[in-house]
Amino acid sequence: MKDKLRHIGVFTSGGDSPGMNAAIYGIAKAADSNGIKLSGIQKGFDGMINGNIVHLVISELEKKVHVGGTILKTARSERFRTIEGRKAALKTLEEHDIDALVAIGGDGTFKGLMVFSEINQIPCIGIPGTIDNDLSGTDYTLGFDTAVNTALENIDKIKDTAESHNRVFIIEVMGRDSGYIAIHSGVGSAANAILIPESQTDFSSMIQKIGRYEGEDAFIVVVSEGDEIGSEQVAAKIRAINSIVDLRITKLGHVQRGGSPSAFDRMLGIRSGVAAIDELLKGEKNKMIGFFNNQLLLTPFDQVVKQHGINQELEKLLKMINN
């Protein structure tokens with residue numbers, strides 16, 4: 001395969017996550033080491049359709065490893081959902097003689113590549129880039145560690161003012177329908193309660209706990225944005241059963257998606273980028289790079305699904321915190 005692989009295109013798609021630039025750097029270094037040309041495709045699938053192809057310079061990428069977001073920009077593409085859009089994207093790749101792709105994104109990105117493979121034979125390797133950590137096939141997704149640390153830093157700061165005023169704070173963190181950010185930042189900050197979409201008992205446990213609260217100390221509730229109750233309803237129910245509480249809601253929002261990637265996410269990004277090139281050279285295609293127990297694992301795109309559960313250890317931690 002090495003003799004046939006001459007030009008690789010890399011793009012980021014879906015939501016941005018810290019560490020994407022580190023992954024692009026790793027891809028570029030590995031491609032250069034193997035004498036392979038590398039081009040960046042800007043704005044995801046939409047840029048592929050529009051022909052937004054740029055030359056990537058390693059010396060410039062070196063300066064962006066510590067920068068959050070993605071230098072290639074990202075976007076969701078409605079046009080790529082159509083056969084006409086996918087044919088236009090293929091035409092762009094053919095015009096630029098791009099004979100392989102590396103995509104950094106989430107399950108939607110990989111599903112898009114699966115459909116794309118129906119009209120071409122271009123090998124594709126995916127790198128899981130999402131702060132939600134909600135994909136099967138890997139222990140950690142790119143950006144999750146940074147997002148947790150960002151959430152943790154902010155929860156710690158809120159805890160300072162909560163303790164000064166003996167307040168109840170409901171802190172909403174990101175994660176869509178995944179509670180991984182909530183449970184990791186909640187446990188790490190010694191929150192009094194953690195509410196996540198995957199648990200059916202956490203809310204009732206929290207209600208019992210807040211019912212005993214007498215306003216003599218801070219009370220921190222970390223809520224995942226995907227929790228079916230929602231931070232506003234949680235606040236209303238708390239006030240309904242305990243009228244003495246001095247309560248505030250803080251939604252951390254997109255601050256969790258930005259900022260410099262952690263050391264872990266930088267290494268994960270670079271390792272994943274290098275592994276992607278190695279696997280393409282071996283002839284692999286339409287698979288996602290993952291790491292289980294720090295070992296490389298490839299998962300076919302059609303087997304990459306969103307996780308909707310937490311393991312027994314995390315479930316045990318959640319019950320311990322909420323009781």
# chains A, B, ... in the order shown; residues from 1 in each chain; ligands from 1
call {"tool": "closest_atom_pairs", "arguments": {"of": "stretch 67-107 of chain A", "to": "stretch 236-258 of chain A", "cutoff": "10 Å", "atoms": "only C-alpha atoms", "output": "CSV"}}
result
residue,atom,partner,partner_atom,distance
A:Val67,CA,A:Gly258,CA,8.8
A:Gly68,CA,A:Gly258,CA,5.5
A:Gly69,CA,A:Gly258,CA,6.1
A:Thr70,CA,A:Gly258,CA,9.9
call {"tool": "write_last_selection", "arguments": {"atoms": "C-alpha atoms", "output": "PDB file, in the first residue's frame"}}
result
ATOM      1  CA  VAL A  67      -4.009  25.556  20.694  1.00  0.00           C
ATOM      2  CA  GLY A  68      -7.604  24.408  21.214  1.00  0.00           C
ATOM      3  CA  GLY A  69     -10.243  24.148  18.504  1.00  0.00           C
ATOM      4  CA  THR A  70      -9.218  23.149  14.994  1.00  0.00           C
TER       5      THR A  70
END
call {"tool": "select_by_dssp", "arguments": {"residues": "stretch 24-257 of chain A", "states": "strand (DSSP E or B)", "output": "PyMOL selection string"}}
result
chain A and resi 37-41+53-55+100-105+124-129+135+142+168-173+193-195+219-224+247-251
call {"tool": "closest_atom_pairs", "arguments": {"of": "stretch 204-284 of chain A", "to": "stretch 121-135 of chain A", "cutoff": "9 Å", "atoms": "only C-alpha atoms", "output": "JSON lines"}}
result
{"residue": "A:Gln256", "atom": "CA", "partner": "A:Ile131", "partner_atom": "CA", "distance": 8.2}
{"residue": "A:Arg257", "atom": "CA", "partner": "A:Ile131", "partner_atom": "CA", "distance": 7.0}
{"residue": "A:Gly269", "atom": "CA", "partner": "A:Ile127", "partner_atom": "CA", "distance": 8.4}
{"residue": "A:Ser272", "atom": "CA", "partner": "A:Ile127", "partner_atom": "CA", "distance": 6.5}
{"residue": "A:Gly273", "atom": "CA", "partner": "A:Ile127", "partner_atom": "CA", "distance": 7.5}
{"residue": "A:Ala276", "atom": "CA", "partner": "A:Ile125", "partner_atom": "CA", "distance": 6.0}
{"residue": "A:Ile277", "atom": "CA", "partner": "A:Ile125", "partner_atom": "CA", "distance": 8.3}
{"residue": "A:Glu279", "atom": "CA", "partner": "A:Ile125", "partner_atom": "CA", "distance": 7.8}
{"residue": "A:Leu280", "atom": "CA", "partner": "A:Ile125", "partner_atom": "CA", "distance": 7.1}
{"residue": "A:Gly283", "atom": "CA", "partner": "A:Pro123", "partner_atom": "CA", "distance": 8.0}
{"residue": "A:Glu284", "atom": "CA", "partner": "A:Pro123", "partner_atom": "CA", "distance": 7.2}
call {"tool": "residues_around", "arguments": {"residues": "stretch 215-224 of chain A", "least_positions_apart": "4", "cutoff": "9 Å", "atoms": "only C-alpha atoms", "output": "ChimeraX atom specification"}}
result
/A:155,158-183,185-186,190-197,206,210,230-231,234,244-246
call {"tool": "write_last_selection", "arguments": {"atoms": "N, CA and C atoms", "output": "CSV table (one decimal), in the first residue's frame"}}
result
chain,number,residue,atom,x,y,z
A,155,ILE,N,-15.8,24.3,38.6
A,155,ILE,CA,-16.6,23.8,39.7
A,155,ILE,C,-15.8,24.2,41.0
A,158,ILE,N,-16.5,27.8,41.7
A,158,ILE,CA,-17.8,28.0,42.2
A,158,ILE,C,-18.0,27.5,43.6
A,159,LYS,N,-17.3,26.4,43.9
A,159,LYS,CA,-17.4,25.9,45.3
A,159,LYS,C,-16.9,26.9,46.3
A,160,ASP,N,-15.9,27.7,46.0
A,160,ASP,CA,-15.4,28.7,46.9
A,160,ASP,C,-16.4,29.7,47.3
A,161,THR,N,-17.1,30.2,46.3
A,161,THR,CA,-18.2,31.2,46.6
A,161,THR,C,-19.4,30.5,47.2
A,162,ALA,N,-19.7,29.3,46.8
A,162,ALA,CA,-20.8,28.6,47.4
A,162,ALA,C,-20.6,28.4,48.9
A,163,GLU,N,-19.4,28.1,49.3
A,163,GLU,CA,-19.0,27.9,50.7
A,163,GLU,C,-19.1,29.2,51.5
A,164,SER,N,-18.7,30.3,50.8
A,164,SER,CA,-18.7,31.6,51.5
A,164,SER,C,-20.2,32.0,51.8
A,165,HIS,N,-21.1,31.6,51.0
A,165,HIS,CA,-22.5,32.0,51.2
A,165,HIS,C,-23.5,30.9,51.7
A,166,ASN,N,-22.9,29.7,51.9
A,166,ASN,CA,-23.7,28.5,52.2
A,166,ASN,C,-24.8,28.3,51.2
A,167,ARG,N,-24.5,28.3,49.9
A,167,ARG,CA,-25.5,28.2,48.9
A,167,ARG,C,-25.5,26.9,48.3
A,168,VAL,N,-26.6,26.6,47.6
A,168,VAL,CA,-26.8,25.4,46.8
A,168,VAL,C,-26.5,25.9,45.4
A,169,PHE,N,-25.6,25.2,44.7
A,169,PHE,CA,-25.2,25.5,43.3
A,169,PHE,C,-25.5,24.3,42.4
A,170,ILE,N,-26.3,24.5,41.4
A,170,ILE,CA,-26.5,23.5,40.4
A,170,ILE,C,-25.6,23.9,39.2
A,171,ILE,N,-24.7,23.1,38.9
A,171,ILE,CA,-23.7,23.3,37.8
A,171,ILE,C,-23.9,22.4,36.7
A,172,GLU,N,-24.3,22.9,35.5
A,172,GLU,CA,-24.6,22.1,34.3
A,172,GLU,C,-23.3,22.0,33.5
A,173,VAL,N,-22.9,20.8,33.1
A,173,VAL,CA,-21.8,20.6,32.3
A,173,VAL,C,-22.3,20.0,31.0
A,174,MET,N,-21.4,20.0,30.0
A,174,MET,CA,-21.8,19.5,28.6
A,174,MET,C,-21.7,17.9,28.6
A,175,GLY,N,-22.0,17.4,27.4
A,175,GLY,CA,-21.9,15.9,27.2
A,175,GLY,C,-23.1,15.4,26.4
A,176,ARG,N,-23.9,16.3,25.9
A,176,ARG,CA,-25.1,15.8,25.2
A,176,ARG,C,-25.9,14.7,26.0
A,177,ASP,N,-26.0,13.5,25.5
A,177,ASP,CA,-26.7,12.5,26.2
A,177,ASP,C,-25.8,11.5,26.9
A,178,SER,N,-24.6,12.0,27.2
A,178,SER,CA,-23.6,11.2,27.9
A,178,SER,C,-23.2,11.9,29.2
A,179,GLY,N,-23.1,11.2,30.3
A,179,GLY,CA,-22.8,11.7,31.6
A,179,GLY,C,-21.3,11.7,32.0
A,180,TYR,N,-20.4,11.3,31.1
A,180,TYR,CA,-19.0,11.1,31.4
A,180,TYR,C,-18.4,12.4,32.0
A,181,ILE,N,-18.6,13.5,31.4
A,181,ILE,CA,-18.0,14.8,31.9
A,181,ILE,C,-18.6,15.0,33.3
A,182,ALA,N,-19.9,14.9,33.5
A,182,ALA,CA,-20.5,15.1,34.8
A,182,ALA,C,-19.9,14.2,35.9
A,183,ILE,N,-19.9,13.0,35.6
A,183,ILE,CA,-19.4,12.0,36.6
A,183,ILE,C,-17.9,12.2,37.0
A,185,SER,N,-16.0,15.0,36.5
A,185,SER,CA,-15.8,16.3,37.2
A,185,SER,C,-16.5,16.4,38.5
A,186,GLY,N,-17.7,15.7,38.6
A,186,GLY,CA,-18.4,15.7,39.9
A,186,GLY,C,-17.7,14.9,41.0
A,190,ALA,N,-15.6,16.5,44.4
A,190,ALA,CA,-16.3,16.1,45.6
A,190,ALA,C,-17.7,16.7,45.7
A,191,ALA,N,-18.4,16.7,44.6
A,191,ALA,CA,-19.7,17.3,44.6
A,191,ALA,C,-20.7,16.5,45.5
A,192,ASN,N,-21.7,17.2,45.9
A,192,ASN,CA,-22.7,16.5,46.8
A,192,ASN,C,-23.6,15.6,46.1
A,193,ALA,N,-23.9,15.9,44.8
A,193,ALA,CA,-24.7,15.0,44.0
A,193,ALA,C,-24.4,15.2,42.5
A,194,ILE,N,-24.6,14.1,41.8
A,194,ILE,CA,-24.3,14.1,40.3
A,194,ILE,C,-25.5,13.5,39.6
A,195,LEU,N,-26.0,14.2,38.6
A,195,LEU,CA,-27.1,13.7,37.8
A,195,LEU,C,-26.7,13.5,36.4
A,196,ILE,N,-26.9,12.3,35.9
A,196,ILE,CA,-26.5,11.9,34.5
A,196,ILE,C,-27.6,11.2,33.8
A,197,PRO,N,-27.6,11.2,32.5
A,197,PRO,CA,-28.7,10.6,31.7
A,197,PRO,C,-28.7,9.0,31.9
A,206,MET,N,-30.6,12.3,45.2
A,206,MET,CA,-30.3,13.7,45.4
A,206,MET,C,-31.4,14.4,46.2
A,210,ILE,N,-30.9,16.4,49.6
A,210,ILE,CA,-31.2,17.9,49.8
A,210,ILE,C,-32.3,18.1,50.8
A,230,GLY,N,-33.0,18.1,33.7
A,230,GLY,CA,-32.6,19.5,33.4
A,230,GLY,C,-32.4,20.3,34.6
A,231,SER,N,-31.4,21.3,34.5
A,231,SER,CA,-31.0,22.0,35.6
A,231,SER,C,-32.1,22.9,36.2
A,234,VAL,N,-34.5,20.7,38.1
A,234,VAL,CA,-33.8,20.3,39.3
A,234,VAL,C,-34.0,21.4,40.4
A,244,ILE,N,-35.8,26.8,52.3
A,244,ILE,CA,-34.7,27.7,52.9
A,244,ILE,C,-33.5,27.8,52.0
A,245,VAL,N,-33.4,27.1,51.0
A,245,VAL,CA,-32.2,27.1,50.2
A,245,VAL,C,-31.9,28.4,49.5
A,246,ASP,N,-30.7,28.8,49.5
A,246,ASP,CA,-30.2,30.0,48.6
A,246,ASP,C,-29.6,29.3,47.4
call {"tool": "atom_distance", "arguments": {"atom1": "atom CA of A:Glu232", "atom2": "atom CA of A:Gly143"}}
result
27.2 Å
call {"tool": "residues_around", "arguments": {"residues": "A:Ser136", "least_positions_apart": "4", "cutoff": "7 Å", "atoms": "only C-alpha atoms", "output": "ChimeraX atom specification"}}
result
/A:304-307
call {"tool": "select_by_dssp", "arguments": {"residues": "stretch 95-311 of chain A", "states": "alpha helix (DSSP H)", "output": "VMD selection string"}}
result
chain A and resid 95 107 to 116 144 to 165 180 to 188 202 to 211 231 to 241 263 to 281
call {"tool": "write_last_selection", "arguments": {"atoms": "C-alpha atoms", "output": "short mmCIF file (atom, residue, chain, number, x, y, z; two decimals), in the first residue's frame"}}
result
data_model
loop_
_atom_site.label_atom_id
_atom_site.label_comp_id
_atom_site.auth_asym_id
_atom_site.auth_seq_id
_atom_site.Cartn_x
_atom_site.Cartn_y
_atom_site.Cartn_z
CA GLU A 95 -9.19 16.67 -8.94
CA ASP A 107 -20.05 9.08 15.19
CA GLY A 108 -21.77 11.36 12.67
CA THR A 109 -18.48 11.85 10.84
CA PHE A 110 -17.87 8.12 10.59
CA LYS A 111 -21.42 7.42 9.47
CA GLY A 112 -20.90 10.00 6.73
CA LEU A 113 -17.74 8.23 5.60
CA MET A 114 -19.56 4.88 5.55
CA VAL A 115 -22.16 6.29 3.17
CA PHE A 116 -19.40 7.98 1.16
CA PHE A 144 -12.56 14.59 26.92
CA ASP A 145 -9.70 14.95 29.41
CA THR A 146 -9.35 18.66 28.70
CA ALA A 147 -13.10 19.25 28.99
CA VAL A 148 -13.20 17.46 32.35
CA ASN A 149 -10.29 19.52 33.66
CA THR A 150 -11.95 22.73 32.46
CA ALA A 151 -15.20 21.74 34.18
CA LEU A 152 -13.32 20.73 37.31
CA GLU A 153 -11.46 24.04 37.49
CA ASN A 154 -14.71 25.99 37.22
CA ILE A 155 -16.56 23.81 39.72
CA ASP A 156 -13.75 24.35 42.22
CA LYS A 157 -14.07 28.11 41.79
CA ILE A 158 -17.84 28.01 42.19
CA LYS A 159 -17.40 25.87 45.29
CA ASP A 160 -15.36 28.67 46.89
CA THR A 161 -18.18 31.18 46.59
CA ALA A 162 -20.82 28.56 47.45
CA GLU A 163 -19.05 27.86 50.73
CA SER A 164 -18.74 31.57 51.49
CA HIS A 165 -22.52 32.01 51.24
CA TYR A 180 -19.05 11.12 31.43
CA ILE A 181 -18.01 14.75 31.90
CA ALA A 182 -20.50 15.14 34.75
CA ILE A 183 -19.43 12.05 36.64
CA HIS A 184 -15.68 12.64 36.23
CA SER A 185 -15.83 16.34 37.17
CA GLY A 186 -18.42 15.71 39.88
CA VAL A 187 -16.47 12.95 41.59
CA GLY A 188 -13.20 14.87 41.19
CA ASP A 202 -29.52 9.53 40.95
CA PHE A 203 -32.33 12.11 41.08
CA SER A 204 -34.32 10.41 43.86
CA SER A 205 -31.12 10.01 45.88
CA MET A 206 -30.31 13.70 45.44
CA ILE A 207 -33.82 14.75 46.51
CA GLN A 208 -33.53 12.74 49.72
CA LYS A 209 -30.12 14.25 50.39
CA ILE A 210 -31.17 17.86 49.76
CA GLY A 211 -34.18 17.33 51.99
CA SER A 231 -30.98 22.04 35.62
CA GLU A 232 -34.03 24.35 35.79
CA GLN A 233 -36.39 21.53 36.80
CA VAL A 234 -33.85 20.29 39.32
CA ALA A 235 -33.78 23.77 40.86
CA ALA A 236 -37.59 23.94 40.96
CA LYS A 237 -37.90 20.56 42.66
CA ILE A 238 -35.21 21.44 45.21
CA ARG A 239 -37.02 24.68 46.11
CA ALA A 240 -40.28 22.77 46.38
CA ILE A 241 -38.98 20.42 49.06
CA ALA A 263 -0.92 16.83 28.15
CA PHE A 264 -3.02 13.67 27.87
CA ASP A 265 -5.04 14.99 24.92
CA ARG A 266 -1.92 16.25 23.14
CA MET A 267 -0.29 12.83 23.41
CA LEU A 268 -3.52 11.05 22.49
CA GLY A 269 -3.91 13.28 19.43
CA ILE A 270 -0.35 12.82 18.22
CA ARG A 271 -0.38 9.07 18.84
CA SER A 272 -3.71 8.72 17.04
CA GLY A 273 -2.46 10.77 14.10
CA VAL A 274 0.66 8.67 13.67
CA ALA A 275 -1.35 5.47 14.08
CA ALA A 276 -3.81 6.60 11.39
CA ILE A 277 -1.01 6.91 8.82
CA ASP A 278 0.52 3.59 9.88
CA GLU A 279 -2.81 1.80 9.46
CA LEU A 280 -3.43 3.34 6.04
CA LEU A 281 0.00 2.11 4.97
#
call {"tool": "residues_around", "arguments": {"residues": "A:Ala28", "least_positions_apart": "4", "cutoff": "7 Å", "atoms": "only C-alpha atoms", "output": "tab-separated table (two decimals) with C-alpha atoms, in the first residue's frame"}}
result
chain	number	residue	atom	x	y	z
A	24	ILE	CA	-3.24	17.02	12.68
A	32	ASP	CA	6.21	13.40	5.96
A	38	LEU	CA	-0.69	15.85	3.09
A	58	ILE	CA	4.77	21.12	9.58
call {"tool": "residues_around", "arguments": {"residues": "A:Met48", "least_positions_apart": "2", "cutoff": "10 Å", "atoms": "only C-alpha atoms", "output": "PyMOL selection string"}}
result
chain A and resi 9+11+40-46+50-53+77+80+85-86+88-93
call {"tool": "residues_around", "arguments": {"residues": "stretch 295-297 of chain A", "least_positions_apart": "2", "cutoff": "9 Å", "atoms": "only C-alpha atoms", "output": "PyMOL selection string"}}
result
chain A and resi 137-138+272+275+288-293+299
call {"tool": "atom_distance", "arguments": {"atom1": "atom CA of A:Arg79", "atom2": "atom CA of A:Lys37"}}
result
27.7 Å
call {"tool": "atom_distance", "arguments": {"atom1": "atom CA of A:Asn286", "atom2": "atom CA of A:Pro300"}}
result
6.0 Å
call {"tool": "decode", "arguments": {"residues": "stretch 97-174 of chain A", "atoms": "C-alpha atoms", "output": "mmCIF file, in the first residue's frame"}}
result
data_model
loop_
_atom_site.group_PDB
_atom_site.id
_atom_site.type_symbol
_atom_site.label_atom_id
_atom_site.label_comp_id
_atom_site.auth_asym_id
_atom_site.auth_seq_id
_atom_site.Cartn_x
_atom_site.Cartn_y
_atom_site.Cartn_z
ATOM 1 C CA ASP A 97 -5.385 13.358 -6.559
ATOM 2 C CA ILE A 98 -6.177 12.619 -2.920
ATOM 3 C CA ASP A 99 -6.111 8.842 -2.515
ATOM 4 C CA ALA A 100 -6.798 8.460 1.242
ATOM 5 C CA LEU A 101 -8.538 10.349 4.046
ATOM 6 C CA VAL A 102 -8.088 10.819 7.781
ATOM 7 C CA ALA A 103 -11.133 12.225 9.564
ATOM 8 C CA ILE A 104 -11.217 13.585 13.115
ATOM 9 C CA GLY A 105 -14.727 13.671 14.544
ATOM 10 C CA GLY A 106 -17.540 11.738 16.160
ATOM 11 C CA ASP A 107 -20.047 9.075 15.188
ATOM 12 C CA GLY A 108 -21.768 11.361 12.669
ATOM 13 C CA THR A 109 -18.477 11.846 10.842
ATOM 14 C CA PHE A 110 -17.866 8.122 10.594
ATOM 15 C CA LYS A 111 -21.421 7.423 9.472
ATOM 16 C CA GLY A 112 -20.900 10.003 6.735
ATOM 17 C CA LEU A 113 -17.741 8.227 5.602
ATOM 18 C CA MET A 114 -19.559 4.877 5.550
ATOM 19 C CA VAL A 115 -22.155 6.291 3.166
ATOM 20 C CA PHE A 116 -19.397 7.982 1.157
ATOM 21 C CA SER A 117 -17.656 4.618 0.706
ATOM 22 C CA GLU A 118 -20.646 3.415 -1.324
ATOM 23 C CA ILE A 119 -19.539 5.552 -4.280
ATOM 24 C CA ASN A 120 -15.739 5.292 -4.027
ATOM 25 C CA GLN A 121 -12.857 3.075 -2.928
ATOM 26 C CA ILE A 122 -10.853 5.767 -1.103
ATOM 27 C CA PRO A 123 -9.530 4.316 2.180
ATOM 28 C CA CYS A 124 -10.507 6.289 5.281
ATOM 29 C CA ILE A 125 -9.291 6.144 8.877
ATOM 30 C CA GLY A 126 -11.101 7.948 11.684
ATOM 31 C CA ILE A 127 -9.842 9.508 14.907
ATOM 32 C CA PRO A 128 -12.488 9.939 17.641
ATOM 33 C CA GLY A 129 -12.609 13.641 18.464
ATOM 34 C CA THR A 130 -15.415 14.617 20.848
ATOM 35 C CA ILE A 131 -15.426 15.927 24.405
ATOM 36 C CA ASP A 132 -18.396 13.674 25.222
ATOM 37 C CA ASN A 133 -16.344 10.437 25.402
ATOM 38 C CA ASP A 134 -19.423 8.595 24.167
ATOM 39 C CA LEU A 135 -18.047 6.302 21.447
ATOM 40 C CA SER A 136 -17.466 2.571 21.641
ATOM 41 C CA GLY A 137 -14.090 1.364 20.451
ATOM 42 C CA THR A 138 -11.864 3.486 22.694
ATOM 43 C CA ASP A 139 -11.314 4.236 26.362
ATOM 44 C CA TYR A 140 -11.027 7.979 25.746
ATOM 45 C CA THR A 141 -11.993 10.319 22.933
ATOM 46 C CA LEU A 142 -9.907 13.311 21.961
ATOM 47 C CA GLY A 143 -10.791 16.361 24.064
ATOM 48 C CA PHE A 144 -12.559 14.587 26.919
ATOM 49 C CA ASP A 145 -9.705 14.946 29.409
ATOM 50 C CA THR A 146 -9.348 18.662 28.700
ATOM 51 C CA ALA A 147 -13.101 19.249 28.990
ATOM 52 C CA VAL A 148 -13.200 17.461 32.348
ATOM 53 C CA ASN A 149 -10.286 19.520 33.656
ATOM 54 C CA THR A 150 -11.954 22.729 32.463
ATOM 55 C CA ALA A 151 -15.198 21.745 34.184
ATOM 56 C CA LEU A 152 -13.323 20.726 37.310
ATOM 57 C CA GLU A 153 -11.464 24.035 37.486
ATOM 58 C CA ASN A 154 -14.710 25.987 37.223
ATOM 59 C CA ILE A 155 -16.564 23.809 39.723
ATOM 60 C CA ASP A 156 -13.745 24.348 42.220
ATOM 61 C CA LYS A 157 -14.073 28.115 41.795
ATOM 62 C CA ILE A 158 -17.841 28.010 42.192
ATOM 63 C CA LYS A 159 -17.404 25.873 45.288
ATOM 64 C CA ASP A 160 -15.361 28.671 46.887
ATOM 65 C CA THR A 161 -18.184 31.183 46.594
ATOM 66 C CA ALA A 162 -20.822 28.558 47.447
ATOM 67 C CA GLU A 163 -19.048 27.861 50.734
ATOM 68 C CA SER A 164 -18.742 31.573 51.485
ATOM 69 C CA HIS A 165 -22.525 32.005 51.239
ATOM 70 C CA ASN A 166 -23.712 28.525 52.237
ATOM 71 C CA ARG A 167 -25.453 28.250 48.874
ATOM 72 C CA VAL A 168 -26.777 25.413 46.780
ATOM 73 C CA PHE A 169 -25.247 25.525 43.301
ATOM 74 C CA ILE A 170 -26.532 23.529 40.367
ATOM 75 C CA ILE A 171 -23.723 23.348 37.813
ATOM 76 C CA GLU A 172 -24.590 22.118 34.337
ATOM 77 C CA VAL A 173 -21.798 20.570 32.277
ATOM 78 C CA MET A 174 -21.756 19.462 28.635
#
